[in-house]
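Read through the structure below, which is laid out as structure tokens, and then see the notes.
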Amino acid sequence: MQTQVAIIGGGPAGTLLSHLLANAGISSIVLERQSREHVLSRIRAGVLEWGTVETLRAAGLGERLDTEGHVHDTINIAWRGQQLLSVDTFDMVGKRMMGYGQTKIQEDLYAAADGRDQQIIFEAEDVALHDIESDRPRVTFTANGDTHEISCDYIAGCDGFHGPSRQAIPAEKRQEFLKEYPFGWLGILSETPPLPILMYANSEHGFALCSMRNPMLSRYYVQCPLTDTTDDWSDDRFWSELFARIPDAQAAQIQTGPSIEKSIAPLRSFVSEPISWGRLHLAGDAAHIVPPTGAKGLNLAVSDVHYLSQALIAQYAGDPVLLEQYGATALRRVWGAVRFSWWLTSLLHRFPDQTPFDQRAQEQELEFLNASAHAQAAMTEQYVGLPL
Ligand code: RFL
Ligand code: PHB
């Protein structure tokens with residue numbers, strides 16, 4: 001098989017890249033390890049930065065987003081039981097966010113791919129990268145028991161944290177920056193009306209988050225030990241922990257119901273550098289992971305893909321500069337989001353080894369945030385997304 005860009009990973013990064021390249025007349029083949037149904041059943045992100053919304057719209061993916069997405073311009077932060085800080089992001093920095101689930105973006109991307117006869121090979125096994133330092137790299141894989149080879153100009157590694165692309169960069173040339181947090185997030189989906197405003201909470205029982213997908217679908221999270229499994233968390237236990245962690249006024253507005261999805265995700269910050277090696281370029285979770293506290297992971301995947309698509313388009317038009325600079329350009333924004341997500345995670349969670357001193361300092365930071373419009377503006381500027 002031959003194509004211009006072989007894309008490993010059919011998640012949001014890989015399928016958006018194939019879409020943006022196709023819009024510019026550049027061919028690609030996408031290899032995805034899972035089935036289409038499996039990818040669409042993973043419940044993940046919910047909050048889009050405005051830059052992400054505009055990138056999707058400009059790519060011709062805005063139609064359902066603009067009808068079904070809902071615009072937020074407020075976030076609430078609760079702490080010490082009943083304290084509540086409400087930040088109007090539009091008043092503060094002139095930007096809003098949009099609530100639109102990652103599942104829907106993925107459905108929109110697959111629908112668009114179907115419309116242009118994009119080759120996406122699902123259930124591709126044993127994907128391996130070859131000759132990435134040559135002018136003609138290759139990707140081999142098996143599908144339905146047969147071995148195939150794709151010969152291409154470039155490989156885009158969009159295969160998430162566990163994929164093979166990052167490992168194709170020689171280990172001695174890679175530097176990995178990793179921080180693992182000593183807790184996870186237990187998340188549920190419930191077919192009940194969400195709170196009208198997204199709320200993060202720091203409480204003595206640990207972190208909680210009340211989010212939404214649509215007027216009859218709520219998404220809630222609580223911090224939990226990494227040793228817990230979903231079997232440890234009956235729905236009753238979940239609701240009573242959530243209510244213990246948020247102010248009474250918000251708890252009184254929440255309707256409980258059976259969970260329709262329940263999962264635990266570990267929290268980590270991770271960056272691998274460089275993100276380009278020879279003809280291989282990484283994008284999204286393949287190159288970096290942020291804890292979900294700042295809602296940045298999907299947004300970073302979109303910004304990487306924005307830079308990478310522009311760079312490949314320029315390269316095919318005869319200008320190599322953007323592609324040479326892709327790593328430096330993308331990583332500058334990545335580190336901004338990595339730092340912000342680490343800060344917000346540190347501010348809002350209870351750490352098992354936190355001393356009474358640490359605890360007071362954390363509460364003082366929340367008090368300061370509450371009292372200072374400058375501190376709120378600094379937080380909001382990063383929450384709504386640093387400019388591309
Ligand atoms: P993905 O989505 O992991 O897709 C990578 C794809 O590569 C495939 N793959 C392979 N394909 C072929 N061969 C192989 N050997 C392969 N190995 C893997 C995988 O099957 C998969 O389909 O990475 P991508 O595209 O970079 O997208 C990143 C986002 O998915 C991720 O950053 C976000 O979901 C993170 N995230 C959030 N981001 C936000 O911007 N806002 C949020 O509100 C937000 N909330 C979240 C989140 C992630 C969460 N979890 C579970 C990790 C909430 C949660 C709970
Ligand atoms: C979500 O709705 O899943 C969500 C919202 C905000 C976050 C993380 C996840 O920070």
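Convention: chains lettered A, B, ... in structure tokens order; per-chain residue numbering from 1; ligands numbered from 1 as shown.
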Neighbours of ligand 2 at 10 Å or closer, counting only C-alpha atoms and all ligand atoms: which residues, as a PyMOL selection string?
chain A and resi 43-48+75+99-102+185+187-189+198-200+209-213+218-221+291-297+341+344-345+383
Grab the residues selected above and save them as a short mmCIF file (atom, residue, chain, number, x, y, z; two decimals), in the first residue's frame with C-alpha atoms.
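So selection_9.cif came out as:
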data_model
loop_
_atom_site.label_atom_id
_atom_site.label_comp_id
_atom_site.auth_asym_id
_atom_site.auth_seq_id
_atom_site.Cartn_x
_atom_site.Cartn_y
_atom_site.Cartn_z
CA ILE A 43 -16.17 7.93 27.66
CA ARG A 44 -13.59 10.67 28.02
CA ALA A 45 -13.37 14.41 27.60
CA GLY A 46 -16.21 16.87 27.84
CA VAL A 47 -14.88 20.41 27.74
CA LEU A 48 -13.57 22.12 24.60
CA ILE A 75 -16.89 27.60 36.26
CA GLY A 99 -19.43 21.25 26.46
CA TYR A 100 -19.39 18.59 23.70
CA GLY A 101 -18.34 15.03 24.46
CA GLN A 102 -15.28 13.44 22.87
CA TRP A 185 -10.63 9.65 39.38
CA GLY A 187 -16.15 8.76 37.01
CA ILE A 188 -19.81 7.97 36.43
CA LEU A 189 -22.38 8.90 33.82
CA LEU A 198 -19.50 22.90 35.98
CA MET A 199 -18.10 22.68 39.51
CA TYR A 200 -14.72 21.53 40.86
CA LEU A 209 -16.18 17.35 39.87
CA CYS A 210 -19.73 17.85 38.63
CA SER A 211 -19.87 18.07 34.83
CA MET A 212 -22.37 17.44 32.06
CA ARG A 213 -22.91 16.01 28.61
CA SER A 218 -24.53 14.17 33.94
CA ARG A 219 -20.86 13.30 34.42
CA TYR A 220 -19.46 13.22 37.97
CA TYR A 221 -16.02 12.34 39.32
CA PRO A 291 -4.23 14.84 34.49
CA PRO A 292 -7.87 15.59 33.52
CA THR A 293 -8.21 18.38 36.12
CA GLY A 294 -7.64 21.18 33.61
CA ALA A 295 -9.65 19.49 30.80
CA LYS A 296 -6.66 19.86 28.50
CA GLY A 297 -5.83 16.43 26.98
CA SER A 341 -2.99 20.93 34.84
CA LEU A 344 -4.91 22.82 39.29
CA THR A 345 -4.48 19.17 40.34
CA TYR A 383 -8.35 27.30 31.65
#
Neighbours of ligand 1 at 6 Å or closer, counting only C-alpha atoms and all ligand atoms: which residues, as a PyMOL selection string?
chain A and resi 8-14+31-34+39+44-47+127+158-160+162-164+265+284-286+292+295-299+301
Shell of 10 Å around Cys152 (chain A), only C-alpha atoms, local chain residues under 4 positions omitted, as a PyMOL selection string:
chain A and resi 1-7+27-29+135-139+279
Keeping only C-alpha atoms, take the residues you just selected and write them out as a PDB file, in the first residue's frame.
ATOM      1  CA  MET A   1       0.000   0.000   0.000  1.00  0.00           C
ATOM      2  CA  GLN A   2       1.142   3.566  -0.683  1.00  0.00           C
ATOM      3  CA  THR A   3       0.099   6.860   0.835  1.00  0.00           C
ATOM      4  CA  GLN A   4       1.571  10.244   1.660  1.00  0.00           C
ATOM      5  CA  VAL A   5       1.036  10.105   5.431  1.00  0.00           C
ATOM      6  CA  ALA A   6       0.538   6.873   7.401  1.00  0.00           C
ATOM      7  CA  ILE A   7      -1.359   7.716  10.586  1.00  0.00           C
ATOM      8  CA  SER A  27      -3.642  11.344   1.210  1.00  0.00           C
ATOM      9  CA  SER A  28      -3.412   9.249   4.370  1.00  0.00           C
ATOM     10  CA  ILE A  29      -4.216   5.808   5.702  1.00  0.00           C
ATOM     11  CA  ASP A 135      13.062   9.181   3.035  1.00  0.00           C
ATOM     12  CA  ARG A 136      10.683   6.269   2.585  1.00  0.00           C
ATOM     13  CA  PRO A 137       9.459   5.027   5.965  1.00  0.00           C
ATOM     14  CA  ARG A 138       7.151   1.998   6.207  1.00  0.00           C
ATOM     15  CA  VAL A 139       4.487   0.705   8.542  1.00  0.00           C
ATOM     16  CA  ARG A 279      10.039  11.105   9.260  1.00  0.00           C
TER      17      ARG A 279
END
Long-range neighbours of Leu16 (chain A) as a list of chain:residue names, 9 Å cut-off, only C-alpha atoms, 5 positions minimum in chain:
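The residues that qualify are A:Gly10, A:Gly11, A:Leu21, A:Leu56, A:Ala59, A:Gln106, A:Leu109, A:Val302, A:Val305, A:His306.
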Write a file of the selected residues as a compact mmCIF listing (two decimals), in the first residue's frame, keeping N, CA, C and O atoms.
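Everything below was put into result-v1.txt:
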# COMPACT_ATOMS: atom_id res chain seq x y z
N GLY A 10 -6.55 5.80 15.47
CA GLY A 10 -7.78 6.38 14.91
C GLY A 10 -8.62 7.03 15.99
O GLY A 10 -9.84 7.01 15.94
N GLY A 11 -7.95 7.65 17.01
CA GLY A 11 -8.66 8.45 18.01
C GLY A 11 -8.83 9.87 17.48
O GLY A 11 -8.68 10.10 16.27
N LEU A 21 -5.64 16.92 6.53
CA LEU A 21 -4.79 16.64 5.37
C LEU A 21 -5.64 16.44 4.12
O LEU A 21 -5.32 16.96 3.04
N LEU A 56 -12.29 23.02 14.78
CA LEU A 56 -13.24 22.03 14.25
C LEU A 56 -14.19 22.68 13.24
O LEU A 56 -14.46 22.13 12.18
N ALA A 59 -12.55 23.33 9.98
CA ALA A 59 -12.30 22.08 9.23
C ALA A 59 -13.59 21.54 8.61
O ALA A 59 -13.57 20.48 7.98
N GLN A 106 -15.71 12.22 17.94
CA GLN A 106 -15.23 11.03 17.25
C GLN A 106 -16.28 10.53 16.24
O GLN A 106 -15.92 10.16 15.10
N LEU A 109 -16.05 12.81 13.28
CA LEU A 109 -14.84 12.55 12.48
C LEU A 109 -14.99 11.28 11.64
O LEU A 109 -14.59 11.24 10.48
N VAL A 302 -5.78 18.36 19.73
CA VAL A 302 -6.25 19.19 18.61
C VAL A 302 -5.20 20.25 18.25
O VAL A 302 -4.94 20.49 17.07
N VAL A 305 -2.32 18.66 16.38
CA VAL A 305 -2.73 18.27 15.02
C VAL A 305 -2.87 19.51 14.13
O VAL A 305 -2.55 19.49 12.94
N HIS A 306 -3.32 20.60 14.73
CA HIS A 306 -3.39 21.86 13.98
C HIS A 306 -1.98 22.22 13.47
O HIS A 306 -1.78 22.46 12.27
Tell me, as a PyMOL selection string, which residues lie within 9 Å of Arg339 (chain A), counting only C-alpha atoms; anything in the same chain fewer than 4 positions away does not count.
chain A and resi 269+290+334-335+343-344
Residues as selected, C-alpha atoms, written as a compact mmCIF listing (two decimals), in the first residue's frame, can you do that?
# COMPACT_ATOMS: atom_id res chain seq x y z
CA SER A 269 1.62 14.24 33.89
CA VAL A 290 -2.03 15.61 31.48
CA VAL A 334 2.07 21.48 25.65
CA TRP A 335 4.26 22.56 28.57
CA TRP A 343 -1.12 23.33 39.35
CA LEU A 344 -4.91 22.82 39.29
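Between CA of Tyr326 (chain A) and CA of Phe161 (chain A) there is a distance of 19.5 Å.
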Using DSSP on the backbone, list every residue of region 101-187 of chain A that comes out as helix (DSSP H, G or I), and give them as number ranges by chain.
A: 102-115, 166-168, 171-173
Name the closest residue to Leu61 (chain A) among the candidates A:Asp108, A:Gln310, A:Phe90, A:Gly25; distances are taken between atoms, counting only C-alpha atoms.
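Of A:Asp108, A:Gln310, A:Phe90, A:Gly25, the one nearest Leu61 (chain A) is A:Asp108, counting only C-alpha atoms.
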Using CA of Arg57 (chain A) and CA of Leu312 (chain A) as the two end points, give the distance in Å to one decimal.
20.2 Å
Near-Ile132 (chain A) list (12 Å; only C-alpha atoms; drop same-chain fewer than 4 positions) as number ranges by chain:
A: 6, 128, 136-139, 151-157, 165-170, 276-281
Residue set, region 116-315 of chain A restricted to strand (DSSP E or B), as a PyMOL selection string:
chain A and resi 119-121+125-130+138-143+146-151+154-157+175-190+198-203+206-214+217-224+259-273+276-277+280-282+288-289
A:Met97, A:Leu40, A:Ala124, A:Leu17: which is nearest Val53 (chain A), counting only C-alpha atoms?
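Checking each candidate against Val53 (chain A), we get A:Met97 as the closest.
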Would you give me, as CSV, each residue of region 244-283 of chain A having an atom within 7 Å of an atom of region 224-232 of chain A, along with its shortest atom pair and that distance in Å to one decimal, using only C-alpha atoms and sorting by chain and residue number?
residue,atom,partner,partner_atom,distance
A:Lys262,CA,A:Thr230,CA,6.8
A:Ser263,CA,A:Thr230,CA,6.3
A:Ile264,CA,A:Thr230,CA,6.9
A:Pro266,CA,A:Leu226,CA,6.8
Could you dump the residues just selected with N, CA and C atoms as a tab-separated table (two decimals), in the first residue's frame?
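Writing done, so here's part_5.tsv:
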chain	number	residue	atom	x	y	z
A	262	LYS	N	-19.16	3.49	34.62
A	262	LYS	CA	-18.37	3.75	35.83
A	262	LYS	C	-16.95	3.29	35.52
A	263	SER	N	-15.98	4.17	35.71
A	263	SER	CA	-14.60	3.75	35.42
A	263	SER	C	-13.64	4.55	36.29
A	264	ILE	N	-12.43	4.00	36.45
A	264	ILE	CA	-11.40	4.68	37.24
A	264	ILE	C	-10.21	4.97	36.33
A	266	PRO	N	-6.23	6.59	36.28
A	266	PRO	CA	-5.11	7.13	37.07
A	266	PRO	C	-4.78	8.53	36.59
Atom-to-atom span, CA of Met98 (chain A) and CA of Ser41 (chain A), Å
20.9 Å
Taking into account only C-alpha atoms, which residue in the set A:Gln83, A:Gly60, A:His19, A:Phe177 is nearest to Tyr110 (chain A)?
A:His19
